[in-house]
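Shown next, in structure tokens, is the structure this report addresses.
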Amino acid sequence: MRAQPVYLELALSGHKFGLGLSDFGSAPSGLPVSLPQDLRGICKSDLLSSRLFNIVENGPSVQGEGEARKWAERGTDVVVVARVSAPSKNEFELRGRIYDASTGRLVK
């Protein structure tokens, strides 16, 4: 398995960054049903170990910018959304997006 590194630059002002961690969806056919939630758990653990984030869970499912704004009401600055796909029989891919919760815009 190969993974691409992810780099995130944040500006903190003395408080933890509010990060909404959305559901990672369901597993594609042929992959273990638990895979999306297992990967979500790994991401959550890594984020918590940094001690930079206040993780917020159990918010609304995010399909786009409109739903992302609903996370601001839960105290988040951004919301992380990810989906698992299976480009071929022997591999899977996790693609994530980060939305600004106050505006609902995709962070680029």
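Chains: A, B, ... in order of the structure tokens. Residues: from 1 per chain. Ligands: from 1, in order shown.
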
Those in region 10-92 of chain A with strand (DSSP E) from DSSP, as a PyMOL selection string: chain A and resi 17-21+53-56+78-88+91-92

Per-residue DSSP, region 48-87 of chain A, filtered to alpha helix (DSSP H), as a ChimeraX atom specification: /A:48-49,65-69

Take the residues just selected and output them with N, CA, C and O atoms as a compact mmCIF listing (two decimals), in the first residue's frame.
# COMPACT_ATOMS: atom_id res chain seq x y z
N LEU A 48 -5.92 13.67 16.61
CA LEU A 48 -5.92 13.87 18.06
C LEU A 48 -4.51 13.85 18.64
O LEU A 48 -4.21 14.60 19.57
N SER A 49 -3.65 13.01 18.08
CA SER A 49 -2.29 12.91 18.61
C SER A 49 -1.49 14.20 18.41
O SER A 49 -0.53 14.46 19.13
N GLU A 65 -21.11 22.33 -0.46
CA GLU A 65 -20.91 23.52 0.36
C GLU A 65 -22.06 23.84 1.30
O GLU A 65 -21.85 24.30 2.41
N GLY A 66 -23.28 23.58 0.89
CA GLY A 66 -24.43 23.89 1.74
C GLY A 66 -24.42 23.14 3.06
O GLY A 66 -24.65 23.71 4.12
N GLU A 67 -24.13 21.86 2.99
CA GLU A 67 -24.10 21.04 4.20
C GLU A 67 -22.90 21.38 5.08
O GLU A 67 -22.96 21.26 6.30
N ALA A 68 -21.81 21.81 4.47
CA ALA A 68 -20.60 22.14 5.23
C ALA A 68 -20.85 23.28 6.21
O ALA A 68 -20.32 23.30 7.32
N ARG A 69 -21.67 24.25 5.82
CA ARG A 69 -21.96 25.39 6.70
C ARG A 69 -22.68 24.97 7.98
O ARG A 69 -22.56 25.62 9.00

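Compared by their closest atoms to Ser29 (chain A), and using only C-alpha atoms, the residues A:Val62, A:Ala86, A:Val56, A:Val78 rank with A:Ala86 nearest.
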
Long-range neighbours of Phe53 (chain A) as a list in words, 8 Å cut-off, only C-alpha atoms, 2 positions minimum in chain: Lys16, Phe17, Gly18, Leu19, Leu47, Leu48, Ser50, Arg51 and Ile55 of chain A

Two-atom distance - CA of Gly104 (chain A), CA of Ser34 (chain A) (Å): 28.5 Å

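Nearest to Leu31 (chain A) of all the residues A:Lys89, A:Ser45, A:Arg95, A:Ser61 is A:Lys89, counting only C-alpha atoms.
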
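Reported to one decimal place, the separation of CA of Val107 (chain A) from CA of Glu57 (chain A) is 19.4 Å.
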
Shell of 8 Å around Val79 (chain A), only C-alpha atoms, local chain residues under 6 positions omitted, as a PDB file with N, CA and C atoms, in the first residue's frame:
ATOM      1  N   LEU A  19     -12.303  21.035  14.301  1.00  0.00           N
ATOM      2  CA  LEU A  19     -12.302  20.245  13.081  1.00  0.00           C
ATOM      3  C   LEU A  19     -13.458  19.247  13.106  1.00  0.00           C
ATOM      4  N   GLY A  20     -14.395  19.416  12.189  1.00  0.00           N
ATOM      5  CA  GLY A  20     -15.489  18.466  12.045  1.00  0.00           C
ATOM      6  C   GLY A  20     -15.018  17.273  11.238  1.00  0.00           C
ATOM      7  N   LEU A  21     -15.291  16.082  11.737  1.00  0.00           N
ATOM      8  CA  LEU A  21     -14.882  14.864  11.049  1.00  0.00           C
ATOM      9  C   LEU A  21     -16.149  14.140  10.608  1.00  0.00           C
ATOM     10  N   SER A  22     -16.475  14.299   9.343  1.00  0.00           N
ATOM     11  CA  SER A  22     -17.694  13.725   8.780  1.00  0.00           C
ATOM     12  C   SER A  22     -17.553  12.221   8.591  1.00  0.00           C
ATOM     13  N   ALA A  68     -21.807  21.814   4.467  1.00  0.00           N
ATOM     14  CA  ALA A  68     -20.596  22.138   5.233  1.00  0.00           C
ATOM     15  C   ALA A  68     -20.851  23.283   6.210  1.00  0.00           C
ATOM     16  N   TRP A  71     -21.965  22.647   9.878  1.00  0.00           N
ATOM     17  CA  TRP A  71     -20.984  22.245  10.880  1.00  0.00           C
ATOM     18  C   TRP A  71     -20.517  23.424  11.727  1.00  0.00           C
ATOM     19  N   ILE A  98     -11.589  19.297   2.354  1.00  0.00           N
ATOM     20  CA  ILE A  98     -11.731  20.120   3.547  1.00  0.00           C
ATOM     21  C   ILE A  98     -12.555  21.342   3.167  1.00  0.00           C
ATOM     22  N   TYR A  99     -13.617  21.568   3.932  1.00  0.00           N
ATOM     23  CA  TYR A  99     -14.492  22.720   3.705  1.00  0.00           C
ATOM     24  C   TYR A  99     -14.352  23.713   4.855  1.00  0.00           C
ATOM     25  N   ASP A 100     -14.383  24.992   4.530  1.00  0.00           N
ATOM     26  CA  ASP A 100     -14.451  26.049   5.542  1.00  0.00           C
ATOM     27  C   ASP A 100     -15.882  26.040   6.066  1.00  0.00           C
ATOM     28  N   ALA A 101     -16.060  25.781   7.347  1.00  0.00           N
ATOM     29  CA  ALA A 101     -17.412  25.655   7.894  1.00  0.00           C
ATOM     30  C   ALA A 101     -18.152  26.989   7.928  1.00  0.00           C
TER      31      ALA A 101
END

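Going from CA of Arg40 (chain A) over to CA of His15 (chain A), you cover 23.8 Å.
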